[in-house]
Amino acid sequence: MAYRVIAIDGPAGSGKSTVARAVADRLGLEYLDTGAMYRGVAFAVLQRGVDPTDVAAVADVARSVTLEVTRSACIVDGEDASAAIRGAEVTTAVTAVAANPEVRVEMVARQRSWVVERGGGVMEGRDIGSVVFPEAELKVHLIASPEVRAQRRAAETPGLDVVAVAADIRRRDVADSSRAASPLVEASGAEVIDTSDLAIPEIVDAIVGLLS
Ligand code: DC
């Protein structure tokens, strides 16, 4: 294929973001956090006073919003939303936004354009290997036990309660895996890596090793 695309999918707390960034650095490729795009749409939905469950209105927001997702920032309609997209309000609203089929059509089109403009890249998300780039050079599906994932999330943010984080992760797992539009599934041909007992450099080595 013409583009060098590495697809990294997996649930919340599987280590995707840290691993995908490191893989991009090792390979000299650009990196795109597609979850930040869905979070950016959810941020715009809230900013515009739209009900996240209003399917048609949310789809209009997705088609009209200006999103600039870079390695370190998420700019939504010219406003720096990098911190807000990680907050509780957006994290709750994004579940309905990401389940909206028209939102997904729009985001997938933007993600494919992103690759075409850059000639390739490392993309992380839930449906990269299954929907966005099924023909990717390498498809990786990261998994980890719910306990490990909750501990990782809690460690990132001091003061967070592991039990509450575990409950939120379970809620999001069920929502992401059971929705009708592009549920989180293992893409055919994906390499499954259980990251529960692996350190980040070991996971990165394993992924880069799969390319050679
Ligand atoms: O990876 P994350 O937690 O930042 O993702 C935010 C939300 O977007 C989450 O509900 C899963 C969803 N998502 C998706 O449906 N498809 C993607 N490619 C990336 C994220």
# chains A, B, ... in the order shown; residues from 1 in each chain; ligands from 1
>>> residues_near_ligand(ligand="ligand 1", cutoff="6 Å", atoms="only C-alpha atoms and all ligand atoms", output="list in words")
Ala12, Thr34, Gly35, Ala36, Tyr38, Arg39, Val94, Thr95, Ala98, Gly125, Arg126, Asp127 and Ile128 of chain A
>>> write_last_selection(atoms="C-alpha atoms", output="compact mmCIF listing (two decimals), in the first residue's frame")
# COMPACT_ATOMS: atom_id res chain seq x y z
CA ALA A 12 -9.13 2.70 28.01
CA THR A 34 -8.32 9.66 17.39
CA GLY A 35 -9.97 9.56 20.83
CA ALA A 36 -9.01 13.24 21.19
CA TYR A 38 -14.19 12.36 19.49
CA ARG A 39 -13.50 14.23 22.73
CA VAL A 94 -18.16 11.49 24.59
CA THR A 95 -19.77 8.06 24.97
CA ALA A 98 -18.74 8.37 19.69
CA GLY A 125 -8.20 4.42 18.76
CA ARG A 126 -10.86 1.74 18.86
CA ASP A 127 -11.65 1.12 15.18
CA ILE A 128 -8.44 1.97 13.33
>>> residues_around(residues="A:Val185", least_positions_apart="6", cutoff="10 Å", atoms="only C-alpha atoms", output="PDB file with C-alpha atoms, in the first residue's frame")
ATOM      1  CA  ASP A   9      -6.448  -0.138  19.116  1.00  0.00           C
ATOM      2  CA  GLY A  10      -7.560  -1.124  22.580  1.00  0.00           C
ATOM      3  CA  PRO A  11      -9.707  -0.148  25.539  1.00  0.00           C
ATOM      4  CA  ARG A 126     -10.859   1.739  18.856  1.00  0.00           C
ATOM      5  CA  ASP A 127     -11.652   1.122  15.175  1.00  0.00           C
ATOM      6  CA  GLY A 129      -7.596  -1.591  12.291  1.00  0.00           C
ATOM      7  CA  SER A 130     -11.229  -2.643  11.810  1.00  0.00           C
ATOM      8  CA  HIS A 141      -4.746  -4.688  19.627  1.00  0.00           C
ATOM      9  CA  ASP A 176     -17.564   0.967  23.579  1.00  0.00           C
ATOM     10  CA  SER A 177     -17.960  -2.775  22.971  1.00  0.00           C
ATOM     11  CA  SER A 178     -21.746  -2.968  22.755  1.00  0.00           C
TER      12      SER A 178
END
>>> closest_atom_pairs(of="stretch 18-89 of chain A", to="stretch 103-112 of chain A", cutoff="12 Å", atoms="only C-alpha atoms", output="JSON lines")
{"residue": "A:Tyr31", "atom": "CA", "partner": "A:Gln111", "partner_atom": "CA", "distance": 11.3}
{"residue": "A:Leu32", "atom": "CA", "partner": "A:Gln111", "partner_atom": "CA", "distance": 8.4}
{"residue": "A:Asp33", "atom": "CA", "partner": "A:Gln111", "partner_atom": "CA", "distance": 9.9}
{"residue": "A:Thr34", "atom": "CA", "partner": "A:Gln111", "partner_atom": "CA", "distance": 7.6}
{"residue": "A:Gly35", "atom": "CA", "partner": "A:Met107", "partner_atom": "CA", "distance": 10.1}
{"residue": "A:Ala36", "atom": "CA", "partner": "A:Met107", "partner_atom": "CA", "distance": 10.8}
{"residue": "A:Met37", "atom": "CA", "partner": "A:Met107", "partner_atom": "CA", "distance": 7.4}
{"residue": "A:Tyr38", "atom": "CA", "partner": "A:Met107", "partner_atom": "CA", "distance": 7.7}
{"residue": "A:Arg39", "atom": "CA", "partner": "A:Met107", "partner_atom": "CA", "distance": 11.2}
{"residue": "A:Gly40", "atom": "CA", "partner": "A:Met107", "partner_atom": "CA", "distance": 10.8}
{"residue": "A:Val41", "atom": "CA", "partner": "A:Val103", "partner_atom": "CA", "distance": 8.5}
{"residue": "A:Ala42", "atom": "CA", "partner": "A:Val103", "partner_atom": "CA", "distance": 10.3}
{"residue": "A:Val45", "atom": "CA", "partner": "A:Val103", "partner_atom": "CA", "distance": 11.5}
{"residue": "A:Pro52", "atom": "CA", "partner": "A:Val103", "partner_atom": "CA", "distance": 11.4}
{"residue": "A:Thr53", "atom": "CA", "partner": "A:Val103", "partner_atom": "CA", "distance": 12.0}
{"residue": "A:Asp54", "atom": "CA", "partner": "A:Val103", "partner_atom": "CA", "distance": 11.7}
{"residue": "A:Val55", "atom": "CA", "partner": "A:Val103", "partner_atom": "CA", "distance": 8.9}
{"residue": "A:Ala56", "atom": "CA", "partner": "A:Val103", "partner_atom": "CA", "distance": 9.5}
{"residue": "A:Ala57", "atom": "CA", "partner": "A:Val103", "partner_atom": "CA", "distance": 10.3}
{"residue": "A:Val58", "atom": "CA", "partner": "A:Val103", "partner_atom": "CA", "distance": 7.4}
{"residue": "A:Ala59", "atom": "CA", "partner": "A:Val103", "partner_atom": "CA", "distance": 5.2}
{"residue": "A:Asp60", "atom": "CA", "partner": "A:Val103", "partner_atom": "CA", "distance": 8.4}
{"residue": "A:Val61", "atom": "CA", "partner": "A:Val103", "partner_atom": "CA", "distance": 8.5}
{"residue": "A:Ala62", "atom": "CA", "partner": "A:Val103", "partner_atom": "CA", "distance": 5.6}
{"residue": "A:Arg63", "atom": "CA", "partner": "A:Glu106", "partner_atom": "CA", "distance": 6.3}
{"residue": "A:Ser64", "atom": "CA", "partner": "A:Glu106", "partner_atom": "CA", "distance": 9.8}
{"residue": "A:Val65", "atom": "CA", "partner": "A:Glu106", "partner_atom": "CA", "distance": 10.5}
{"residue": "A:Thr66", "atom": "CA", "partner": "A:Arg110", "partner_atom": "CA", "distance": 10.9}
{"residue": "A:Leu67", "atom": "CA", "partner": "A:Arg110", "partner_atom": "CA", "distance": 9.6}
{"residue": "A:Glu68", "atom": "CA", "partner": "A:Arg110", "partner_atom": "CA", "distance": 10.8}
{"residue": "A:Val69", "atom": "CA", "partner": "A:Gln111", "partner_atom": "CA", "distance": 10.7}
>>> select_by_dssp(residues="stretch 11-201 of chain A", states="helix (DSSP H, G or I)", output="ChimeraX atom specification")
/A:16-27,34-47,55-64,84-86,88-98,101-118,128-132,146-156,162-178,200-201
>>> residues_around(residues="stretch 142-146 of chain A", least_positions_apart="3", cutoff="12 Å", atoms="only C-alpha atoms", output="ChimeraX atom specification")
/A:7-20,124-126,129,139,149-153,162-163,165-173,184-187,190-200,203-204,206-207
>>> atom_distance(atom1="atom CA of A:Tyr3", atom2="atom CA of A:Ala73")
24.6 Å
>>> closest_residue(among="A:Val97, A:Ile6, A:Val131, A:Val90", to="A:Leu211", atoms="only C-alpha atoms")
A:Ile6
>>> atom_distance(atom1="atom CA of A:Glu79", atom2="atom CA of A:Met123")
23.5 Å
>>> select_by_dssp(residues="chain A", states="strand (DSSP E)", output="PyMOL selection string")
chain A and resi 4-9+31-33+67-69+74-76+79-80+120-125+138-143+191-194
>>> write_last_selection(atoms="N, CA and C atoms", output="mmCIF file, in the first residue's frame")
data_model
loop_
_atom_site.group_PDB
_atom_site.id
_atom_site.type_symbol
_atom_site.label_atom_id
_atom_site.label_comp_id
_atom_site.auth_asym_id
_atom_site.auth_seq_id
_atom_site.Cartn_x
_atom_site.Cartn_y
_atom_site.Cartn_z
ATOM 1 N N ARG A 4 2.320 4.272 4.982
ATOM 2 C CA ARG A 4 2.770 3.441 6.093
ATOM 3 C C ARG A 4 1.914 3.777 7.310
ATOM 4 N N VAL A 5 0.936 2.916 7.598
ATOM 5 C CA VAL A 5 0.035 3.164 8.721
ATOM 6 C C VAL A 5 0.191 2.055 9.754
ATOM 7 N N ILE A 6 0.367 2.451 11.010
ATOM 8 C CA ILE A 6 0.388 1.504 12.117
ATOM 9 C C ILE A 6 -0.871 1.799 12.937
ATOM 10 N N ALA A 7 -1.739 0.803 13.067
ATOM 11 C CA ALA A 7 -3.006 0.973 13.796
ATOM 12 C C ALA A 7 -2.871 0.369 15.183
ATOM 13 N N ILE A 8 -3.151 1.176 16.212
ATOM 14 C CA ILE A 8 -3.064 0.668 17.581
ATOM 15 C C ILE A 8 -4.416 0.885 18.256
ATOM 16 N N ASP A 9 -5.126 -0.202 18.497
ATOM 17 C CA ASP A 9 -6.448 -0.138 19.116
ATOM 18 C C ASP A 9 -6.417 -0.806 20.483
ATOM 19 N N TYR A 31 1.889 11.022 14.760
ATOM 20 C CA TYR A 31 1.005 10.288 15.662
ATOM 21 C C TYR A 31 -0.343 10.990 15.754
ATOM 22 N N LEU A 32 -1.420 10.213 15.707
ATOM 23 C CA LEU A 32 -2.757 10.805 15.873
ATOM 24 C C LEU A 32 -3.563 10.041 16.922
ATOM 25 N N ASP A 33 -4.027 10.796 17.920
ATOM 26 C CA ASP A 33 -4.903 10.267 18.966
ATOM 27 C C ASP A 33 -6.341 10.498 18.505
ATOM 28 N N LEU A 67 -11.337 21.095 14.047
ATOM 29 C CA LEU A 67 -10.548 20.348 15.037
ATOM 30 C C LEU A 67 -9.092 20.340 14.616
ATOM 31 N N GLU A 68 -8.217 20.734 15.527
ATOM 32 C CA GLU A 68 -6.778 20.588 15.266
ATOM 33 C C GLU A 68 -6.220 19.747 16.402
ATOM 34 N N VAL A 69 -5.970 18.470 16.104
ATOM 35 C CA VAL A 69 -5.414 17.588 17.123
ATOM 36 C C VAL A 69 -3.947 17.388 16.802
ATOM 37 N N CYS A 74 -5.317 19.967 21.697
ATOM 38 C CA CYS A 74 -6.567 19.776 20.947
ATOM 39 C C CYS A 74 -7.245 21.144 20.885
ATOM 40 N N ILE A 75 -7.262 21.718 19.690
ATOM 41 C CA ILE A 75 -7.852 23.043 19.496
ATOM 42 C C ILE A 75 -9.212 22.841 18.816
ATOM 43 N N VAL A 76 -10.243 23.340 19.469
ATOM 44 C CA VAL A 76 -11.614 23.137 18.983
ATOM 45 C C VAL A 76 -12.215 24.492 18.642
ATOM 46 N N GLU A 79 -10.339 27.305 20.030
ATOM 47 C CA GLU A 79 -10.152 27.395 21.485
ATOM 48 C C GLU A 79 -9.313 26.210 21.969
ATOM 49 N N ASP A 80 -8.356 26.484 22.848
ATOM 50 C CA ASP A 80 -7.522 25.400 23.369
ATOM 51 C C ASP A 80 -8.324 24.561 24.371
ATOM 52 N N GLY A 120 1.278 8.787 5.910
ATOM 53 C CA GLY A 120 1.265 7.671 6.860
ATOM 54 C C GLY A 120 1.276 8.174 8.282
ATOM 55 N N GLY A 121 1.374 7.246 9.232
ATOM 56 C CA GLY A 121 1.420 7.650 10.627
ATOM 57 C C GLY A 121 0.986 6.528 11.549
ATOM 58 N N VAL A 122 1.156 6.798 12.837
ATOM 59 C CA VAL A 122 0.696 5.864 13.861
ATOM 60 C C VAL A 122 -0.612 6.425 14.405
ATOM 61 N N MET A 123 -1.667 5.625 14.325
ATOM 62 C CA MET A 123 -2.994 6.075 14.775
ATOM 63 C C MET A 123 -3.480 5.186 15.884
ATOM 64 N N GLU A 124 -3.977 5.801 16.937
ATOM 65 C CA GLU A 124 -4.539 4.999 18.015
ATOM 66 C C GLU A 124 -6.015 5.288 18.183
ATOM 67 N N GLY A 125 -6.768 4.241 18.560
ATOM 68 C CA GLY A 125 -8.204 4.424 18.758
ATOM 69 C C GLY A 125 -8.878 3.125 19.129
ATOM 70 N N LEU A 138 0.546 -2.670 9.890
ATOM 71 C CA LEU A 138 0.517 -3.455 11.127
ATOM 72 C C LEU A 138 -0.681 -3.014 11.954
ATOM 73 N N LYS A 139 -1.445 -4.004 12.453
ATOM 74 C CA LYS A 139 -2.579 -3.717 13.327
ATOM 75 C C LYS A 139 -2.287 -4.352 14.681
ATOM 76 N N VAL A 140 -2.340 -3.545 15.712
ATOM 77 C CA VAL A 140 -2.048 -4.034 17.053
ATOM 78 C C VAL A 140 -3.279 -3.818 17.925
ATOM 79 N N HIS A 141 -3.631 -4.822 18.689
ATOM 80 C CA HIS A 141 -4.746 -4.688 19.627
ATOM 81 C C HIS A 141 -4.176 -4.906 21.025
ATOM 82 N N LEU A 142 -4.149 -3.838 21.815
ATOM 83 C CA LEU A 142 -3.583 -3.944 23.156
ATOM 84 C C LEU A 142 -4.684 -4.269 24.153
ATOM 85 N N ILE A 143 -4.405 -5.186 25.048
ATOM 86 C CA ILE A 143 -5.352 -5.486 26.117
ATOM 87 C C ILE A 143 -4.598 -5.456 27.445
ATOM 88 N N GLU A 191 -2.511 -8.111 15.751
ATOM 89 C CA GLU A 191 -1.650 -8.787 16.721
ATOM 90 C C GLU A 191 -2.122 -8.360 18.107
ATOM 91 N N VAL A 192 -2.528 -9.321 18.933
ATOM 92 C CA VAL A 192 -3.030 -8.989 20.272
ATOM 93 C C VAL A 192 -1.871 -9.061 21.263
ATOM 94 N N ILE A 193 -1.671 -7.971 22.007
ATOM 95 C CA ILE A 193 -0.600 -7.953 23.015
ATOM 96 C C ILE A 193 -1.222 -7.628 24.366
ATOM 97 N N ASP A 194 -1.032 -8.546 25.331
ATOM 98 C CA ASP A 194 -1.509 -8.289 26.695
ATOM 99 C C ASP A 194 -0.416 -7.511 27.421
#
>>> atom_distance(atom1="atom CA of A:Ser182", atom2="atom CA of A:Val132")
10.0 Å
>>> closest_residue(among="A:Ala175, A:Ala136, A:Leu160, A:Ala155", to="A:Ser188", atoms="only C-alpha atoms")
A:Ala136
